[in-house]
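Chemist: Contents of data.tsv (TSV, C-alpha atoms (C1' of nucleotides)) are given next:
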chain	number	residue	atom	x	y	z
A	40	MET	CA	229.77	65.01	123.00
A	41	SER	CA	227.04	65.97	120.59
A	42	ARG	CA	227.65	68.23	117.67
A	43	PRO	CA	227.05	71.93	118.38
A	44	PRO	CA	223.85	73.35	116.89
A	45	PRO	CA	224.41	74.92	113.46
A	46	LEU	CA	223.65	78.43	114.64
A	47	GLU	CA	226.30	80.17	112.56
A	48	ALA	CA	224.96	78.45	109.46
A	49	TYR	CA	221.44	79.57	110.38
A	50	PHE	CA	222.67	83.08	110.79
A	51	ARG	CA	224.41	83.13	107.42
A	52	ALA	CA	221.37	81.68	105.66
A	53	LEU	CA	219.02	84.23	107.21
A	54	ARG	CA	221.42	87.08	106.64
A	55	ARG	CA	221.77	86.16	102.98
A	56	HIS	CA	218.02	85.90	102.52
A	57	PHE	CA	216.82	88.92	104.46
A	58	GLY	CA	219.82	91.24	104.44
A	59	PRO	CA	220.70	93.57	107.33
A	60	GLN	CA	217.82	94.33	109.71
A	61	ARG	CA	219.26	97.37	111.51
A	62	TRP	CA	217.26	96.93	114.70
A	63	TRP	CA	215.85	98.34	116.97
A	64	PRO	CA	213.46	100.57	114.96
A	65	ALA	CA	213.61	103.62	117.26
A	66	GLU	CA	215.12	107.08	117.36
A	67	THR	CA	216.62	106.90	120.85
A	68	PRO	CA	217.56	104.28	123.47
A	69	PHE	CA	214.68	105.48	125.65
A	70	GLU	CA	212.30	104.88	122.79
A	71	VAL	CA	213.66	101.32	122.64
A	72	MET	CA	212.79	100.87	126.32
A	73	VAL	CA	209.26	102.12	125.68
A	74	GLY	CA	208.85	99.99	122.57
A	75	ALA	CA	210.08	96.90	124.43
A	76	VAL	CA	207.14	97.20	126.83
A	77	LEU	CA	204.58	98.13	124.20
A	78	THR	CA	205.44	95.23	121.90
A	79	GLN	CA	204.59	92.63	124.55
A	80	ASN	CA	202.22	90.27	122.77
A	81	ALA	CA	201.34	92.96	120.22
A	82	ALA	CA	201.88	93.49	116.51
A	83	TRP	CA	204.64	96.02	115.86
A	84	THR	CA	202.41	98.01	113.46
A	85	ASN	CA	200.13	98.69	116.43
A	86	VAL	CA	203.08	99.62	118.62
A	87	GLU	CA	204.16	102.19	116.03
A	88	LYS	CA	200.80	103.91	116.31
A	89	ALA	CA	201.09	104.11	120.08
A	90	ILE	CA	204.61	105.52	119.79
A	91	LEU	CA	203.38	108.19	117.39
A	92	ASN	CA	200.65	109.05	119.90
A	93	LEU	CA	203.22	109.39	122.67
A	94	LYS	CA	205.39	111.67	120.58
A	95	ALA	CA	202.45	113.79	119.47
A	96	ALA	CA	201.48	114.24	123.13
A	97	GLY	CA	205.05	115.11	124.12
A	98	LEU	CA	205.21	111.98	126.26
A	99	MET	CA	208.26	110.26	124.80
A	100	ASP	CA	210.24	111.35	127.82
A	101	PRO	CA	210.79	109.57	131.15
A	102	ARG	CA	209.89	112.54	133.31
A	103	ARG	CA	206.70	113.29	131.38
A	104	ILE	CA	205.62	109.66	131.57
A	105	HIS	CA	206.35	109.71	135.28
A	106	GLU	CA	204.22	112.78	135.85
A	107	VAL	CA	201.27	112.26	133.50
A	108	ASP	CA	198.17	110.61	134.91
A	109	ALA	CA	197.72	106.95	134.08
A	110	ALA	CA	194.47	107.44	132.17
A	111	THR	CA	196.03	109.96	129.79
A	112	LEU	CA	199.00	107.69	129.23
A	113	ALA	CA	196.75	104.70	128.66
A	114	TRP	CA	194.72	106.61	126.10
A	115	ALA	CA	197.84	107.24	124.02
A	116	LEU	CA	198.72	103.56	124.24
A	117	ARG	CA	195.35	102.30	123.03
A	118	PRO	CA	196.47	101.00	119.63
A	119	ALA	CA	199.12	98.77	121.22
A	120	GLY	CA	196.49	96.82	123.17
A	121	TYR	CA	196.44	96.00	126.93
A	122	PHE	CA	196.71	99.75	127.31
A	123	ASN	CA	195.84	99.95	131.00
A	124	VAL	CA	198.34	97.23	131.85
A	125	LYS	CA	201.04	98.76	129.69
A	126	ALA	CA	200.52	102.25	131.09
A	127	GLY	CA	201.26	100.85	134.54
A	128	ARG	CA	204.27	98.90	133.30
A	129	LEU	CA	205.70	101.94	131.55
A	130	LYS	CA	205.30	103.98	134.70
A	131	ASN	CA	207.03	101.27	136.72
A	132	LEU	CA	209.92	101.24	134.26
A	133	VAL	CA	210.43	105.02	134.17
A	134	ALA	CA	210.11	105.29	137.96
A	135	TRP	CA	213.01	102.87	138.24
A	136	PHE	CA	214.90	104.60	135.42
A	137	LEU	CA	214.62	108.02	137.06
A	138	GLU	CA	215.39	106.76	140.55
A	139	ARG	CA	218.20	104.48	139.45
A	140	ALA	CA	219.93	106.62	136.84
A	141	GLY	CA	218.27	110.02	136.80
A	142	GLY	CA	216.85	109.14	133.40
A	143	SER	CA	220.34	108.77	131.94
A	144	VAL	CA	220.96	105.86	129.59
A	145	GLU	CA	224.69	106.54	129.84
A	146	ARG	CA	224.57	105.96	133.58
A	147	LEU	CA	222.82	102.64	133.07
A	148	LYS	CA	225.58	101.56	130.73
A	149	GLU	CA	228.09	101.93	133.56
A	150	THR	CA	226.36	99.16	135.53
A	151	ASP	CA	227.23	95.49	135.38
A	152	PRO	CA	224.72	93.97	132.93
A	153	ALA	CA	224.01	90.88	135.02
A	154	ARG	CA	223.04	93.06	137.94
A	155	LEU	CA	221.06	95.37	135.67
A	156	ARG	CA	219.12	92.39	134.38
A	157	GLU	CA	218.17	91.40	137.91
A	158	GLU	CA	217.05	94.93	138.65
A	159	LEU	CA	214.94	95.07	135.50
A	160	LEU	CA	213.36	91.72	136.32
A	161	GLY	CA	212.41	93.14	139.70
A	162	ILE	CA	210.17	95.73	138.04
A	163	ARG	CA	206.54	94.64	137.77
A	164	GLY	CA	205.76	94.21	134.09
A	165	ILE	CA	209.35	93.65	132.96
A	166	GLY	CA	209.92	89.99	132.18
A	167	ARG	CA	212.87	88.27	130.60
A	168	GLU	CA	212.28	89.20	126.99
A	169	THR	CA	211.61	92.83	127.81
A	170	ALA	CA	214.65	93.04	130.09
A	171	ASP	CA	216.92	91.43	127.51
A	172	SER	CA	215.55	93.65	124.74
A	173	ILE	CA	216.42	96.71	126.80
A	174	LEU	CA	219.88	95.38	127.67
A	175	LEU	CA	220.71	94.51	124.07
A	176	TYR	CA	218.88	97.06	121.96
A	177	ALA	CA	218.86	100.11	124.22
A	178	LEU	CA	222.15	99.61	126.08
A	179	GLY	CA	224.25	97.49	123.71
A	180	PHE	CA	225.06	94.66	126.14
A	181	PRO	CA	225.67	91.22	124.56
A	182	THR	CA	222.64	89.39	125.92
A	183	PHE	CA	220.55	87.23	123.59
A	184	VAL	CA	216.85	88.02	123.27
A	185	VAL	CA	214.45	85.08	123.02
A	186	ASP	CA	210.87	85.44	121.86
A	187	ALA	CA	207.95	83.40	120.58
A	188	TYR	CA	209.47	83.22	117.08
A	189	THR	CA	212.78	81.98	118.46
A	190	HIS	CA	210.99	79.25	120.35
A	191	ARG	CA	208.92	78.24	117.35
A	192	ILE	CA	211.89	78.06	115.01
A	193	LEU	CA	214.20	76.25	117.43
A	194	SER	CA	211.64	73.69	118.53
A	195	ARG	CA	210.38	73.06	115.03
A	196	HIS	CA	213.95	72.39	113.96
A	197	GLY	CA	214.52	69.99	116.83
A	198	LEU	CA	217.20	72.15	118.45
A	199	VAL	CA	215.25	72.39	121.71
A	200	PRO	CA	212.31	70.39	123.06
A	201	GLU	CA	208.89	71.97	122.65
A	202	GLU	CA	208.57	72.46	126.42
A	203	THR	CA	211.91	74.28	126.76
A	204	ASP	CA	212.14	77.44	128.82
A	205	TYR	CA	213.47	80.92	128.12
A	206	GLU	CA	216.84	80.55	129.81
A	207	GLU	CA	217.57	77.29	128.04
A	208	MET	CA	217.10	78.87	124.62
A	209	LYS	CA	219.07	81.94	125.63
A	210	GLU	CA	221.99	79.76	126.73
A	211	LEU	CA	221.87	77.81	123.50
A	212	PHE	CA	222.80	80.98	121.65
A	213	GLU	CA	225.12	82.50	124.21
A	214	LYS	CA	227.15	79.29	124.67
A	215	ASN	CA	227.50	78.52	120.98
A	216	LEU	CA	228.18	81.97	119.57
A	217	PRO	CA	230.82	84.60	120.29
A	218	ARG	CA	229.61	87.05	122.90
A	219	ASP	CA	228.99	89.87	120.45
A	220	ALA	CA	226.20	92.42	120.83
A	221	ARG	CA	226.17	93.21	117.10
A	222	LEU	CA	225.75	89.53	116.23
A	223	TYR	CA	223.00	89.03	118.85
A	224	ASN	CA	221.25	92.15	117.65
A	225	GLU	CA	221.16	91.03	114.04
A	226	PHE	CA	220.45	87.36	114.77
A	227	HIS	CA	217.37	88.01	116.89
A	228	ALA	CA	216.03	90.50	114.35
A	229	LEU	CA	216.53	87.92	111.59
A	230	LEU	CA	214.71	85.26	113.60
A	231	VAL	CA	211.76	87.63	113.92
A	232	ALA	CA	211.82	88.35	110.20
A	233	ALA	CA	211.93	84.62	109.43
A	234	GLY	CA	209.19	83.87	111.93
A	235	LYS	CA	206.89	86.51	110.51
A	236	GLU	CA	207.33	85.38	106.95
A	237	PHE	CA	207.69	81.60	107.13
A	238	CYS	CA	207.20	80.08	110.55
A	239	ARG	CA	203.46	80.32	111.05
A	240	PRO	CA	201.73	79.05	114.21
A	241	VAL	CA	200.08	76.15	112.44
A	242	PRO	CA	202.75	73.49	112.59
A	243	ARG	CA	203.51	73.63	108.92
A	244	CYS	CA	206.44	75.48	107.42
A	245	ALA	CA	206.38	77.49	104.26
A	246	PRO	CA	209.47	76.97	102.08
A	247	CYS	CA	211.99	79.04	103.95
A	248	PRO	CA	215.70	79.83	103.92
A	249	LEU	CA	216.26	77.46	106.84
A	250	ARG	CA	214.44	74.54	105.31
A	251	ARG	CA	217.59	72.61	104.44
A	252	PHE	CA	218.47	72.53	108.15
A	253	LEU	CA	215.27	70.78	109.18
A	254	PRO	CA	215.72	67.22	110.44
A	255	GLY	CA	215.17	64.72	107.63
A	256	LYS	CA	216.00	67.22	104.92
B	22	DG	C1'	184.34	85.80	113.03
B	23	DA	C1'	188.38	83.28	114.43
B	24	DC	C1'	193.09	83.67	114.83
B	25	DC	C1'	197.30	85.99	115.59
B	26	DA	C1'	200.83	89.41	117.28
B	27	DG	C1'	208.51	90.60	119.03
B	28	DG	C1'	204.53	88.89	127.22
B	29	DC	C1'	203.70	89.13	131.88
B	30	DA	C1'	201.62	88.60	136.42
B	31	DC	C1'	198.70	86.32	139.26
B	32	DA	C1'	195.33	82.73	140.99
B	33	DT	C1'	194.60	78.14	141.80
B	34	DC	C1'	195.50	73.37	142.23
C	284	DG	C1'	206.03	73.39	139.87
C	285	DA	C1'	202.57	73.11	136.36
C	286	DT	C1'	198.51	74.94	134.34
C	287	DG	C1'	194.93	78.44	133.38
C	288	DT	C1'	193.36	83.17	132.89
C	289	DG	C1'	193.03	88.30	132.21
C	290	DC	C1'	194.66	91.96	129.71
C	291	DA	C1'	192.78	94.54	124.19
C	292	DT	C1'	193.85	96.55	119.75
C	293	DG	C1'	194.13	96.04	114.68
C	294	DG	C1'	195.49	93.16	110.58
C	295	DT	C1'	194.68	88.74	107.87
Taking this structure as input, can you express it in the form of structure tokens?
Modeler:
Amino acid sequence: MSRPPPLEAYFRALRRHFGPQRWWPAETPFEVMVGAVLTQNAAWTNVEKAILNLKAAGLMDPRRIHEVDAATLAWALRPAGYFNVKAGRLKNLVAWFLERAGGSVERLKETDPARLREELLGIRGIGRETADSILLYALGFPTFVVDAYTHRILSRHGLVPEETDYEEMKELFEKNLPRDARLYNEFHALLVAAGKEFCRPVPRCAPCPLRRFLPGK
DNA sequence: GACCAGGCACATC
DNA sequence: GATGTGCATGGT
């Protein structure tokens, strides 16, 4: 038996350094769903602009997104990048949301999360990170969200191999931490904060709050 | 001007 | 199953 990864210690170190993150930055659960699609491979500052555009156009609403023509929707999404792709993905998501739950987040919460995850993954344009972000941050289910920062931090610390996959990293957290949506929420947000500030793509770390956990330190 | 950002689907081998 | 490519804006 190998020693469990020091995830709780990581969490405490990040929490002490960065303080509470209070994710997801959105006014409503539906806005979380929208933001989860828009932030795919995009800087959040650009996503914010697209969200403001949607609100200004009265489009932050599942039925309005369902009805509006794709070109108009795409125009509002321009700042978030990949706007034609994301307009289609958003429409796919709201079509499912309306059909499946009548646009009611409360009704989604009544569904078994494992089944909900499969349904979300069946929507074109909703991959694992987006599905998990919706489950955790819009619906409050205890499912861990993995992203590029998570991968970079874990692999650079030797906790997973570089060529690991999404589910492997997700299980690392879910099997070594209590199944707690509030903990998962905060932990993922802290990993993003740490990634943005310290864990740059060039394989060289800035002095960071997790440095003492690196192998050889 | 290159590189990066809270991915994902699809083509091709 | 692995690898490569298209999608696109705005900040550093």
Chemist: Go through A:Pro254, A:Pro240, A:Glu202, A:Arg139 one by one, measure the shortest atom-to-atom distance of each to DA285 of chain C using only C-alpha atoms (C1' of nucleotides), and give the residue with the smallest value.
Modeler: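 The closest residue to DA285 of chain C is A:Glu202.
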Chemist: Could you give me, as number ranges by chain, the residues within 9 Å of DA291 of chain C, counting only C-alpha atoms (C1' of nucleotides) and dropping anything in the same chain fewer than 6 positions from it?
Modeler: A: 117-122
Chemist: Give me, as a tab-separated table, each residue of chain A that comes within 10 Å of chain B, together with its shortest interatomic pair and the distance in Å at one decimal, counting all atoms listed in the file, with rows ordered by chain and rising residue number.
Modeler:
residue	atom	partner	partner_atom	distance
A:Ala75	CA	B:DG27	C1'	8.4
A:Val76	CA	B:DG28	C1'	8.7
A:Leu77	CA	B:DG28	C1'	9.7
A:Thr78	CA	B:DG27	C1'	6.3
A:Gln79	CA	B:DG28	C1'	4.6
A:Asn80	CA	B:DG28	C1'	5.2
A:Ala81	CA	B:DA26	C1'	4.6
A:Ala82	CA	B:DA26	C1'	4.3
A:Trp83	CA	B:DG27	C1'	7.4
A:Thr84	CA	B:DA26	C1'	9.5
A:Asn85	CA	B:DA26	C1'	9.3
A:Val124	CA	B:DC29	C1'	9.7
A:Arg128	CA	B:DC29	C1'	9.9
A:Arg163	CA	B:DA30	C1'	7.9
A:Gly164	CA	B:DC29	C1'	5.9
A:Ile165	CA	B:DC29	C1'	7.3
A:Gly166	CA	B:DC29	C1'	6.3
A:Arg167	CA	B:DG28	C1'	9.0
A:Glu168	CA	B:DG28	C1'	7.8
A:Thr169	CA	B:DG28	C1'	8.1
A:Ser172	CA	B:DG27	C1'	9.6
A:Val184	CA	B:DG27	C1'	9.7
A:Val185	CA	B:DG27	C1'	9.0
A:Asp186	CA	B:DG27	C1'	6.3
A:Ala187	CA	B:DG27	C1'	7.4
A:Tyr188	CA	B:DG27	C1'	7.7
A:Thr189	CA	B:DG27	C1'	9.6
A:His227	CA	B:DG27	C1'	9.5
A:Ala228	CA	B:DG27	C1'	8.9
A:Leu230	CA	B:DG27	C1'	9.8
A:Val231	CA	B:DG27	C1'	6.7
A:Ala232	CA	B:DG27	C1'	9.7
A:Gly234	CA	B:DG27	C1'	9.8
A:Lys235	CA	B:DA26	C1'	9.5
A:Arg239	CA	B:DC25	C1'	9.5
A:Pro240	CA	B:DC25	C1'	8.3
Chemist: Interatomic distance between atom CA of Tyr176 of chain A and atom CA of Pro217 of chain A?
Modeler: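 Interatomic distance here is 17.3 Å.
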Chemist: Hey, can you check how far atom CA of Arg156 of chain A sits from atom CA of Gly127 of chain A?
Modeler: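 Computing it gives 19.8 Å between the two atoms.
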Chemist: At a cut-off of 9 Å, can you tabulate as a tab-separated table every residue of chain C near chain A together with its closest atom pair and the distance in Å to one decimal, using all atoms listed in the file and ordering rows by chain then number?
Modeler:
residue	atom	partner	partner_atom	distance
C:DC290	C1'	A:Tyr121	CA	5.2
C:DA291	C1'	A:Gly120	CA	4.5
C:DT292	C1'	A:Gly120	CA	4.3
C:DG293	C1'	A:Asn85	CA	6.8
C:DG294	C1'	A:Ala82	CA	8.7
Chemist: Edge lengths and centre, in Å to one decimal, as lines of an AutoDock Vina configuration file: that's what I need for the box along x, y and z that holds all listed atoms of segment 125-140 of chain A plus 6 Å on each side.
Modeler:
center_x = 210.2
center_y = 103.4
center_z = 135.1
size_x = 31.4
size_y = 21.3
size_z = 22.9
Chemist: Nearest to Phe252 of chain A among A:Ile104, A:Ala96, A:Leu132, A:Ile192, with distances taken over all atoms listed in the file: which residue is it?
Modeler: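 Between A:Ile104, A:Ala96, A:Leu132, A:Ile192, the residue approaching Phe252 of chain A most closely is A:Ile192.
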Chemist: Just to confirm, what's the straight-line distance from atom CA of Arg55 of chain A to atom CA of Ala170 of chain A in Å (one decimal)?
Modeler: 28.9 Å
Chemist: From the list A:Gly179, A:Gly197, A:Pro101, A:Pro152, which residue is nearest Glu70 of chain A when using all atoms listed in the file?
Modeler: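 Residue with the minimum atom-to-atom distance to Glu70 of chain A: A:Pro101.
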Chemist: Using only C-alpha atoms (C1' of nucleotides), give me every residue within 10 Å of (225.0, 81.4, 118.4) in file coordinates, as a PyMOL selection string.
Modeler: chain A and resi 43-50+183+209-219+222-223+226
Chemist: Which is closest to Ile162 of chain A among A:Leu175, A:Ala95, A:Val144, A:Leu129, if we use all atoms listed in the file?
Modeler: A:Leu129
Chemist: Contacts of His105 of chain A at 8 Å or less, counting only C-alpha atoms (C1' of nucleotides), minus same-chain residues fewer than 4 places along, as an MDAnalysis selection string?
Modeler: chainID A and resid 101 130 133:134
